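Asks: Quick one, coords21.cif (mmCIF, C-alpha atoms):
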data_data
#
loop_
_atom_site.label_atom_id
_atom_site.label_comp_id
_atom_site.auth_asym_id
_atom_site.auth_seq_id
_atom_site.Cartn_x
_atom_site.Cartn_y
_atom_site.Cartn_z
CA MET A 1032 31.32 -8.15 21.26
CA ASN A 1033 33.17 -9.74 18.33
CA ALA A 1034 36.73 -8.72 19.17
CA GLY A 1035 38.60 -7.33 16.18
CA LYS A 1036 35.43 -6.34 14.37
CA SER A 1037 34.00 -2.85 14.04
CA GLY A 1038 30.91 -1.06 12.83
CA VAL A 1039 27.55 -2.00 11.40
CA VAL A 1040 26.88 -2.77 7.76
CA SER A 1041 23.39 -2.30 6.30
CA VAL A 1042 22.62 -4.43 3.26
CA GLY A 1043 19.59 -3.68 1.12
CA ILE A 1044 17.63 -1.02 -0.65
CA LEU A 1045 18.63 2.55 -1.43
CA CYS A 1046 16.52 5.09 -3.25
CA ALA A 1047 15.85 8.76 -3.82
CA ASP A 1048 12.68 10.08 -2.19
CA ILE A 1049 10.70 12.96 -3.64
CA LEU A 1050 8.61 14.13 -0.70
CA GLY A 1051 5.49 16.27 -0.98
CA LYS A 1052 3.63 17.83 1.97
CA THR A 1053 0.76 18.49 2.54
CA ILE A 1054 -1.14 16.07 0.26
CA ASN A 1055 -4.54 15.06 1.61
CA GLU A 1056 -5.94 14.15 -1.81
CA LEU A 1057 -4.73 13.79 -5.37
CA PRO A 1058 -5.85 16.32 -8.02
CA GLU A 1059 -8.53 15.37 -10.47
CA LYS A 1060 -7.25 14.00 -13.74
CA GLY A 1061 -5.70 16.79 -15.77
CA LYS A 1062 -5.84 19.25 -12.85
CA LEU A 1063 -3.22 20.74 -10.52
CA ASN A 1064 -3.13 21.04 -6.71
CA LEU A 1065 -0.77 23.29 -4.76
CA ILE A 1066 1.13 21.87 -1.77
CA ASP A 1067 3.37 23.38 0.90
CA LYS A 1068 6.71 21.82 0.04
CA ILE A 1069 8.54 19.41 -2.27
CA SER A 1070 12.01 18.11 -1.41
CA LEU A 1071 14.50 15.52 -2.66
CA GLN A 1072 15.97 13.29 0.04
CA ILE A 1073 17.71 9.96 0.30
CA GLY A 1074 15.57 6.98 1.23
CA GLY A 1075 15.45 3.20 1.27
CA CYS A 1076 15.66 1.03 4.36
CA ALA A 1077 19.40 0.33 4.21
CA ALA A 1078 20.31 3.94 3.49
CA ASN A 1079 18.05 5.25 6.25
CA VAL A 1080 19.50 2.91 8.86
CA ALA A 1081 23.09 3.52 7.75
CA ILE A 1082 22.67 7.30 7.96
CA GLY A 1083 20.77 7.03 11.24
CA LEU A 1084 23.60 5.03 12.80
CA ALA A 1085 26.22 7.47 11.51
CA LYS A 1086 24.30 10.46 12.91
CA ILE A 1087 24.01 8.74 16.28
CA GLY A 1088 27.74 8.07 16.19
CA VAL A 1089 28.04 4.37 15.32
CA PRO A 1090 30.56 3.44 12.55
CA SER A 1091 28.33 2.64 9.59
CA GLY A 1092 28.68 1.17 6.12
CA ILE A 1093 26.29 0.17 3.36
CA ILE A 1094 26.07 -2.48 0.65
CA GLY A 1095 23.60 -2.08 -2.20
CA ARG A 1096 23.10 -1.17 -5.84
CA ILE A 1097 22.40 2.20 -7.49
CA GLY A 1098 22.29 3.41 -11.08
CA GLU A 1099 24.85 5.68 -12.73
CA ASP A 1100 22.27 8.42 -13.11
CA SER A 1101 21.65 11.77 -11.44
CA LEU A 1102 19.66 10.18 -8.63
CA GLY A 1103 22.42 7.63 -8.04
CA ILE A 1104 25.00 10.42 -7.79
CA PHE A 1105 22.74 12.18 -5.29
CA VAL A 1106 22.35 9.02 -3.19
CA ALA A 1107 26.09 8.25 -3.10
CA ASP A 1108 27.07 11.87 -2.38
CA THR A 1109 24.52 12.11 0.43
CA LEU A 1110 25.76 8.92 2.08
CA GLN A 1111 29.35 10.18 1.96
CA LYS A 1112 28.36 13.56 3.41
CA GLU A 1113 26.67 11.70 6.26
CA LYS A 1114 29.93 9.79 6.90
CA VAL A 1115 28.63 6.40 5.76
CA ASN A 1116 31.23 4.07 4.23
CA VAL A 1117 30.15 3.53 0.60
CA ALA A 1118 32.86 1.04 -0.40
CA GLY A 1119 30.15 -1.63 -0.75
CA LEU A 1120 28.01 0.31 -3.23
CA LYS A 1121 27.64 -1.18 -6.71
CA ARG A 1122 26.91 1.22 -9.58
CA ALA A 1123 25.04 -0.14 -12.61
CA ARG A 1124 25.34 1.81 -15.88
CA ASP A 1125 22.25 0.40 -17.54
CA MET A 1126 19.83 0.79 -14.60
CA SER A 1127 18.00 3.66 -13.00
CA THR A 1128 18.36 4.31 -9.29
CA SER A 1129 15.33 3.27 -7.28
CA ALA A 1130 13.02 6.18 -6.44
CA SER A 1131 9.84 6.91 -4.50
CA MET A 1132 7.22 9.62 -4.59
CA VAL A 1133 6.19 10.12 -0.96
CA MET A 1134 2.90 11.91 -0.27
CA ILE A 1135 2.56 13.20 3.31
CA ASP A 1136 -0.84 14.22 4.64
CA ALA A 1137 -1.74 16.74 7.34
CA GLY A 1138 -1.40 14.09 10.07
CA GLY A 1139 2.11 13.13 9.00
CA GLU A 1140 1.02 9.80 7.47
CA ARG A 1141 2.68 8.85 4.20
CA SER A 1142 1.60 7.11 1.01
CA ILE A 1143 4.25 5.93 -1.42
CA ILE A 1144 4.59 5.23 -5.13
CA HIS A 1145 7.80 3.28 -5.67
CA SER A 1146 10.04 2.16 -8.55
CA LEU A 1147 12.35 -0.76 -7.73
CA GLY A 1148 15.03 0.36 -10.19
CA ALA A 1149 18.50 -1.05 -9.50
CA ASN A 1150 17.30 -2.65 -6.25
CA GLN A 1151 15.37 -5.13 -8.37
CA TYR A 1152 18.64 -6.70 -9.57
CA PHE A 1153 20.69 -6.48 -6.38
CA CYS A 1154 21.92 -10.01 -5.64
CA PHE A 1155 24.28 -12.09 -3.52
CA ASN A 1156 27.12 -11.63 -6.03
CA ASP A 1157 27.02 -7.88 -5.35
CA ILE A 1158 28.11 -8.47 -1.74
CA ASP A 1159 31.64 -7.58 -0.66
CA LYS A 1160 32.20 -10.41 1.82
CA GLN A 1161 35.23 -8.75 3.38
CA ILE A 1162 33.12 -5.77 4.49
CA VAL A 1163 30.62 -8.18 6.04
CA SER A 1164 33.20 -10.32 7.83
CA GLN A 1165 34.87 -7.25 9.38
CA SER A 1166 31.60 -5.89 10.81
CA LYS A 1167 30.20 -6.46 14.29
CA ILE A 1168 26.59 -6.33 13.12
CA LEU A 1169 24.85 -7.01 9.81
CA LEU A 1170 21.36 -5.73 9.05
CA ILE A 1171 19.35 -6.92 6.05
CA ALA A 1172 17.10 -3.93 5.38
CA GLY A 1173 14.29 -3.94 2.83
CA THR A 1174 13.46 -7.63 2.55
CA PHE A 1175 10.57 -8.23 0.08
CA LEU A 1176 11.73 -5.36 -2.17
CA MET A 1177 14.81 -7.15 -3.55
CA PRO A 1178 13.50 -9.98 -5.75
CA SER A 1179 16.97 -11.08 -6.90
CA PHE A 1180 18.30 -11.21 -3.33
CA ASP A 1181 15.32 -12.20 -1.18
CA GLY A 1182 15.22 -15.88 -0.36
CA GLU A 1183 18.33 -17.87 -1.24
CA GLY A 1184 20.63 -14.85 -1.59
CA THR A 1185 19.63 -13.58 1.83
CA ARG A 1186 20.02 -17.01 3.38
CA LYS A 1187 23.53 -17.41 1.94
CA LEU A 1188 24.62 -14.02 3.24
CA LEU A 1189 23.21 -14.59 6.73
CA GLN A 1190 24.80 -18.02 6.93
CA TYR A 1191 28.17 -16.62 5.85
CA ALA A 1192 27.95 -13.70 8.29
CA GLY A 1193 27.03 -15.98 11.18
CA GLU A 1194 29.99 -18.21 10.42
CA GLN A 1195 32.22 -15.12 10.66
CA GLY A 1196 30.87 -14.25 14.10
CA VAL A 1197 28.75 -11.34 12.91
CA LEU A 1198 25.49 -10.57 14.74
CA CYS A 1199 22.70 -10.88 12.15
CA CYS A 1200 19.50 -8.80 12.04
CA MET A 1201 16.67 -8.37 9.55
CA ASP A 1202 14.01 -5.74 8.98
CA THR A 1203 11.26 -6.32 6.44
CA ALA A 1204 9.25 -4.11 4.10
CA TRP A 1205 5.70 -4.74 2.89
CA ASP A 1206 5.43 -7.74 0.55
CA ALA A 1207 3.30 -6.56 -2.35
CA THR A 1208 3.53 -10.04 -3.92
CA GLY A 1209 1.77 -11.63 -0.94
CA GLU A 1210 4.30 -14.45 -0.60
CA TRP A 1211 5.47 -13.42 2.89
CA MET A 1212 6.78 -16.39 4.90
CA THR A 1213 7.43 -18.43 1.77
CA ARG A 1214 10.11 -15.98 0.68
CA ILE A 1215 12.05 -15.70 3.92
CA GLU A 1216 11.51 -18.92 5.87
CA SER A 1217 14.90 -20.36 4.89
CA SER A 1218 16.65 -17.24 6.25
CA LEU A 1219 15.05 -17.15 9.67
CA PRO A 1220 17.25 -19.76 11.44
CA TYR A 1221 20.28 -17.53 10.81
CA LEU A 1222 18.81 -14.43 12.48
CA ASP A 1223 19.92 -13.25 15.90
CA TRP A 1224 17.27 -10.51 15.81
CA PHE A 1225 14.18 -10.20 13.63
CA MET A 1226 12.51 -6.78 13.74
CA PRO A 1227 9.35 -6.58 11.59
CA SER A 1228 6.53 -4.10 12.00
CA TYR A 1229 3.35 -5.32 13.66
CA ASP A 1230 1.44 -5.38 10.35
CA GLU A 1231 4.24 -7.31 8.66
CA GLY A 1232 4.40 -9.72 11.58
CA CYS A 1233 0.68 -10.38 11.26
CA GLU A 1234 1.00 -11.14 7.56
CA LEU A 1235 4.05 -13.36 8.06
CA THR A 1236 2.54 -15.50 10.81
CA GLY A 1237 -1.25 -15.25 10.52
CA GLN A 1238 -1.32 -14.13 14.17
CA THR A 1239 -2.45 -10.81 15.66
CA ASN A 1240 -1.16 -11.01 19.24
CA PRO A 1241 2.52 -9.92 19.48
CA SER A 1242 3.46 -12.89 21.67
CA ALA A 1243 1.77 -15.26 19.22
CA ILE A 1244 3.63 -13.61 16.33
CA ALA A 1245 6.89 -14.12 18.19
CA ALA A 1246 6.02 -17.75 18.94
CA VAL A 1247 5.64 -18.53 15.23
CA LEU A 1248 8.92 -16.79 14.43
CA PHE A 1249 10.71 -18.74 17.18
CA SER A 1250 9.31 -21.95 15.72
CA LYS A 1251 10.97 -21.00 12.42
CA GLY A 1252 14.37 -20.61 14.09
CA VAL A 1253 14.61 -16.90 14.91
CA LYS A 1254 16.63 -16.35 18.13
CA ASN A 1255 15.20 -13.00 19.33
CA VAL A 1256 12.22 -10.90 18.22
CA ILE A 1257 11.37 -7.21 18.45
CA ILE A 1258 8.16 -5.96 16.83
CA LYS A 1259 7.56 -2.32 15.96
CA MET A 1260 4.10 -1.51 17.35
CA ASN A 1261 3.57 1.85 15.63
CA ALA A 1262 2.48 4.59 18.06
CA GLU A 1263 2.37 2.14 20.99
CA GLY A 1264 6.13 1.53 21.01
CA CYS A 1265 7.54 -1.96 20.61
CA TYR A 1266 7.15 -5.53 21.80
CA VAL A 1267 10.35 -7.37 22.72
CA GLU A 1268 10.79 -11.09 23.31
CA PRO A 1269 14.38 -12.24 23.79
CA ALA A 1270 15.24 -15.93 23.56
CA ASN A 1271 13.92 -17.98 26.48
CA GLU A 1272 12.47 -14.91 28.22
CA GLU A 1273 8.98 -13.50 28.69
CA GLY A 1274 8.01 -10.82 26.20
CA PHE A 1275 7.27 -7.24 27.22
CA MET A 1276 6.08 -3.92 25.79
CA VAL A 1277 8.21 -0.77 25.78
CA SER A 1278 6.09 2.37 25.52
CA SER A 1279 6.67 5.04 22.89
CA PHE A 1280 7.41 8.72 23.48
CA SER A 1281 3.83 9.57 22.63
CA ARG A 1282 3.87 13.25 23.63
CA VAL A 1283 6.04 14.31 20.71
CA LYS A 1284 4.31 15.99 17.75
CA ALA A 1285 4.34 13.85 14.61
CA ILE A 1286 5.25 15.81 11.47
CA ASP A 1287 6.24 13.00 9.10
CA SER A 1288 6.31 9.24 9.74
CA SER A 1289 8.71 8.57 6.84
CA GLY A 1290 11.62 6.44 8.01
CA ALA A 1291 10.30 5.97 11.55
CA GLY A 1292 10.73 2.18 11.43
CA ASP A 1293 14.24 2.46 9.98
CA SER A 1294 15.18 4.99 12.66
CA PHE A 1295 13.87 2.59 15.29
CA CYS A 1296 16.13 -0.14 13.88
CA ALA A 1297 19.13 2.21 13.94
CA GLY A 1298 18.38 2.99 17.58
CA PHE A 1299 18.01 -0.64 18.62
CA ILE A 1300 21.15 -1.68 16.76
CA THR A 1301 23.00 1.15 18.54
CA GLY A 1302 22.10 -0.55 21.82
CA LEU A 1303 23.26 -3.94 20.53
CA TYR A 1304 26.50 -2.36 19.31
CA HIS A 1305 27.24 -0.85 22.72
CA GLY A 1306 26.18 -3.94 24.65
CA TRP A 1307 23.28 -2.27 26.47
CA SER A 1308 20.46 -4.19 28.09
CA ILE A 1309 17.55 -5.11 25.83
CA LEU A 1310 15.23 -2.72 27.71
CA GLN A 1311 17.67 0.17 27.35
CA SER A 1312 18.18 -0.65 23.66
CA ALA A 1313 14.43 -0.78 22.99
CA THR A 1314 13.82 2.47 24.87
CA PHE A 1315 16.57 4.17 22.89
CA ALA A 1316 15.08 2.76 19.66
CA ASN A 1317 11.70 4.30 20.51
CA ALA A 1318 13.43 7.62 21.22
CA VAL A 1319 15.25 7.62 17.88
CA GLY A 1320 11.96 6.86 16.13
CA ALA A 1321 10.35 9.76 17.99
CA HIS A 1322 13.09 12.12 16.81
CA CYS A 1323 12.56 10.95 13.23
CA ILE A 1324 8.85 11.79 13.11
CA MET A 1325 9.36 15.28 14.52
CA GLU A 1326 10.90 16.48 11.23
CA ILE A 1327 10.21 15.96 7.52
CA GLY A 1328 12.39 13.28 5.97
CA THR A 1329 13.64 9.83 6.87
CA THR A 1330 16.72 10.86 8.87
CA SER A 1331 16.55 14.66 9.29
CA GLY A 1332 15.44 14.55 12.92
CA ILE A 1333 18.01 12.04 14.22
CA LYS A 1334 20.46 13.50 16.75
CA PRO A 1335 23.79 12.33 18.23
CA LEU A 1336 23.81 9.73 20.98
CA ASP A 1337 24.20 12.13 23.91
CA GLU A 1338 21.31 14.34 22.78
CA ILE A 1339 18.94 11.40 22.47
CA LEU A 1340 19.94 10.06 25.89
CA GLU A 1341 19.33 13.53 27.34
CA PHE A 1342 15.92 13.62 25.65
CA ILE A 1343 15.00 10.30 27.31
CA THR A 1344 16.01 11.59 30.73
CA GLU A 1345 14.12 14.87 30.34
CA TYR A 1346 11.03 13.19 28.91
CA ASN A 1347 10.77 10.82 31.86
CA SER A 1348 11.54 13.44 34.53
#
How does the structure come out when it is put into C-alpha cells?

Replies:
Amino acid sequence: MNAGKSGVVSVGILCADILGKTINELPEKGKLNLIDKISLQIGGCAANVAIGLAKIGVPSGIIGRIGEDSLGIFVADTLQKEKVNVAGLKRARDMSTSASMVMIDAGGERSIIHSLGANQYFCFNDIDKQIVSQSKILLIAGTFLMPSFDGEGTRKLLQYAGEQGVLCCMDTAWDATGEWMTRIESSLPYLDWFMPSYDEGCELTGQTNPSAIAAVLFSKGVKNVIIKMNAEGCYVEPANEEGFMVSSFSRVKAIDSSGAGDSFCAGFITGLYHGWSILQSATFANAVGAHCIMEIGTTSGIKPLDEILEFITEYNS
C-alpha cells in the first residue's frame, strides 16, 4: 500500500489525564472522600492511538499542540519514551496543555471533566504537510474537541492527504455543542474509513440501527464505515458490501474503559497498515480494545502484535 510511504500519523488532541479509582460518588461540598489510587497518565485520542500503534509495533507519529508547561513536558516525554515520532508537535508558550480529570467507578466506567487547553487553538496551519505526505495512513482523532480545526481545517487536511495517496481515517469524540453533522459534513467525502462510536453515530445521523447509520454516512460520501458497538464488538460495512457484526472478547474482566475506543482504532489501523482482510482487522481491533480495558489507563494494557494475535488464538480455542 502506498509505495514509498511509511507509518501512521495521528492528528488531533493530546492531554494529560489525572485518573482516580474507585469513585462511585463525589464527596459532599466541603468534604473529602478516600479512593484507591490516583495516577497521572497521557491521554487524548491522537496520543492514545499513536502510543497504541507504537506498542503494537507500527511506525507511529503524531501532530498536535501542547503548552510549554509541566503537563506539556510530561506529554512530550511520554510520547518519546513510547517511541512515537513527535516532530509534528507544536508547543505554545502562552497556553496550558489540555487536561482531564477521569473518575473511574467500581465497574470500570469513566466520567470525565475536561479542559480543552491548547487543543482549542490547534488549526490547519499547525500541520506539517511533509509528515502527512510521507505517511501511509492518516487518522484524525478527536473531532468535535478541536474548534479551530474541526470543519474547514479538517476538510483541507483530508483533501490534501488524499491527493498525496494517503489513506484517510477519522474517529470522533462527543460533540458537547450539539452541532454534530453540521461540523463535519464537508469532510466526509474525503474519508476512506469513518469509525465513530455507536452513540456518536446515532447523534450524527438520527438513526439507531447500525446499517441505517452507515447508509446515512455513505450518502454523505464516506467510503467505508466501522462503528464501535461498545461491549458487543463492532459493526463493519465496507463499500459496496453487506455489513456485518464482529463480536467482542466479552469474557475479559473490565478494569477501566478509558481509551478503549482509541485502542480499537489503533488495532483496526494496524490491520489496514498490514493489508489484512477487513474481518481480521476488525477482530484484531476488538482484541486490542479488550487488552486496554483489562488495565487502568488508556494504553497500559496494549501488547505487541504477536502477543495479541496469540491471545486471539487462545481465546477462540

Asks: Pick out the closest residue to A:Thr1053 from this set: A:Ile1069, A:Val1040, A:Ala1130, A:Val1197. Count only C-alpha atoms.

Replies: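 Using only C-alpha atoms, the shortest distance to A:Thr1053 belongs to A:Ile1069.
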
Asks: Of the residues A:Leu1071, A:Ile1044, A:Glu1216, A:Ile1135, which is the one nearest to A:Tyr1152, using all atoms listed in the file?

Replies: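 Using all atoms listed in the file, the shortest distance to A:Tyr1152 belongs to A:Ile1044.
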
Asks: Would you mind telling me which residue in A:Gly1184, A:Gly1088, A:Gly1292, A:Gly1237 lies nearest to A:Cys1154 when using all atoms listed in the file?

Replies: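 Among the listed residues, the smallest separation from A:Cys1154 belongs to A:Gly1184.
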
Asks: Which one of A:Met1132, A:Ile1093, A:Leu1219, A:Ala1313 sits closest to A:Asp1157 if you count all atoms listed in the file?

Replies: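 Closest to A:Asp1157 of all the choices is A:Ile1093.
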
Asks: Using only C-alpha atoms, find each residue in stretch 1035-1139 of chain A having at least one atom no more than 12 Å away from stretch 1201-1210 of chain A; report its shortest atom-to-atom pair and that distance in Å (one decimal), rows by chain then rising number, as CSV.

Replies:
residue,atom,partner,partner_atom,distance
A:Val1040,CA,A:Met1201,CA,11.8
A:Ser1041,CA,A:Met1201,CA,9.6
A:Val1042,CA,A:Met1201,CA,9.5
A:Gly1043,CA,A:Asp1202,CA,9.9
A:Ile1044,CA,A:Ala1204,CA,10.1
A:Gly1075,CA,A:Ala1204,CA,10.0
A:Cys1076,CA,A:Ala1204,CA,8.2
A:Ala1077,CA,A:Asp1202,CA,9.4
A:Val1080,CA,A:Asp1202,CA,10.2

Asks: Could you expand the PyMOL selection byres ((chain A and resi 1253) around 12) into the explicit residues it covers here, written as a compact mmCIF listing (two decimals) with C-alpha atoms, keeping the file's coordinate frame?

Replies:
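Here's the written file selection_22.txt:
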# COMPACT_ATOMS: atom_id res chain seq x y z
CA CYS A 1199 22.70 -10.88 12.15
CA CYS A 1200 19.50 -8.80 12.04
CA MET A 1201 16.67 -8.37 9.55
CA ILE A 1215 12.05 -15.70 3.92
CA GLU A 1216 11.51 -18.92 5.87
CA SER A 1217 14.90 -20.36 4.89
CA SER A 1218 16.65 -17.24 6.25
CA LEU A 1219 15.05 -17.15 9.67
CA PRO A 1220 17.25 -19.76 11.44
CA TYR A 1221 20.28 -17.53 10.81
CA LEU A 1222 18.81 -14.43 12.48
CA ASP A 1223 19.92 -13.25 15.90
CA TRP A 1224 17.27 -10.51 15.81
CA PHE A 1225 14.18 -10.20 13.63
CA MET A 1226 12.51 -6.78 13.74
CA ILE A 1244 3.63 -13.61 16.33
CA ALA A 1245 6.89 -14.12 18.19
CA ALA A 1246 6.02 -17.75 18.94
CA VAL A 1247 5.64 -18.53 15.23
CA LEU A 1248 8.92 -16.79 14.43
CA PHE A 1249 10.71 -18.74 17.18
CA SER A 1250 9.31 -21.95 15.72
CA LYS A 1251 10.97 -21.00 12.42
CA GLY A 1252 14.37 -20.61 14.09
CA LYS A 1254 16.63 -16.35 18.13
CA ASN A 1255 15.20 -13.00 19.33
CA VAL A 1256 12.22 -10.90 18.22
CA ILE A 1257 11.37 -7.21 18.45
CA GLU A 1268 10.79 -11.09 23.31
CA PRO A 1269 14.38 -12.24 23.79
CA ALA A 1270 15.24 -15.93 23.56
CA ASN A 1271 13.92 -17.98 26.48

Asks: Could you tell me, as a PDB file with C-alpha atoms, in the frame of the given file, which residues have any atom at most 10 Å from (22.8, -15.8, 1.9), counting all atoms listed in the file?

Replies:
ATOM      1  CA  CYS A1154      21.920 -10.010  -5.640  1.00  0.00           C
ATOM      2  CA  PHE A1155      24.280 -12.090  -3.520  1.00  0.00           C
ATOM      3  CA  ASN A1156      27.120 -11.630  -6.030  1.00  0.00           C
ATOM      4  CA  ILE A1158      28.110  -8.470  -1.740  1.00  0.00           C
ATOM      5  CA  PHE A1180      18.300 -11.210  -3.330  1.00  0.00           C
ATOM      6  CA  ASP A1181      15.320 -12.200  -1.180  1.00  0.00           C
ATOM      7  CA  GLY A1182      15.220 -15.880  -0.360  1.00  0.00           C
ATOM      8  CA  GLU A1183      18.330 -17.870  -1.240  1.00  0.00           C
ATOM      9  CA  GLY A1184      20.630 -14.850  -1.590  1.00  0.00           C
ATOM     10  CA  THR A1185      19.630 -13.580   1.830  1.00  0.00           C
ATOM     11  CA  ARG A1186      20.020 -17.010   3.380  1.00  0.00           C
ATOM     12  CA  LYS A1187      23.530 -17.410   1.940  1.00  0.00           C
ATOM     13  CA  LEU A1188      24.620 -14.020   3.240  1.00  0.00           C
ATOM     14  CA  LEU A1189      23.210 -14.590   6.730  1.00  0.00           C
ATOM     15  CA  GLN A1190      24.800 -18.020   6.930  1.00  0.00           C
ATOM     16  CA  TYR A1191      28.170 -16.620   5.850  1.00  0.00           C
ATOM     17  CA  ALA A1192      27.950 -13.700   8.290  1.00  0.00           C
ATOM     18  CA  SER A1217      14.900 -20.360   4.890  1.00  0.00           C
ATOM     19  CA  SER A1218      16.650 -17.240   6.250  1.00  0.00           C
ATOM     20  CA  TYR A1221      20.280 -17.530  10.810  1.00  0.00           C
TER      21      TYR A1221
END

Asks: Of the candidates A:Phe1280, A:Ser1242, A:Asp1067, A:Glu1341, which one gets nearest to A:Met1134 if we count only C-alpha atoms?

Replies: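 Comparing A:Phe1280, A:Ser1242, A:Asp1067, A:Glu1341 against A:Met1134, the winner is A:Asp1067.
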
Asks: Which residue gives the smallest distance to A:Leu1336 among A:Gly1290, A:Gly1148, A:Gly1298, A:Gly1320, with all atoms listed in the file counted?

Replies: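 The answer is A:Gly1298, which sits nearest to A:Leu1336.
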
Asks: To one decimal place in Å, what is the distance between atom CA of A:Met1325 and atom CA of A:Ala1285?

Replies: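 For atom CA of A:Met1325 relative to atom CA of A:Ala1285, the distance reads 5.2 Å.
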
Asks: Please report the interatomic distance between atom CA of A:Asp1159 and atom CA of A:Ala1085 in Å with one decimal.

Replies: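 Separating atom CA of A:Asp1159 from atom CA of A:Ala1085 is a distance of 20.1 Å.
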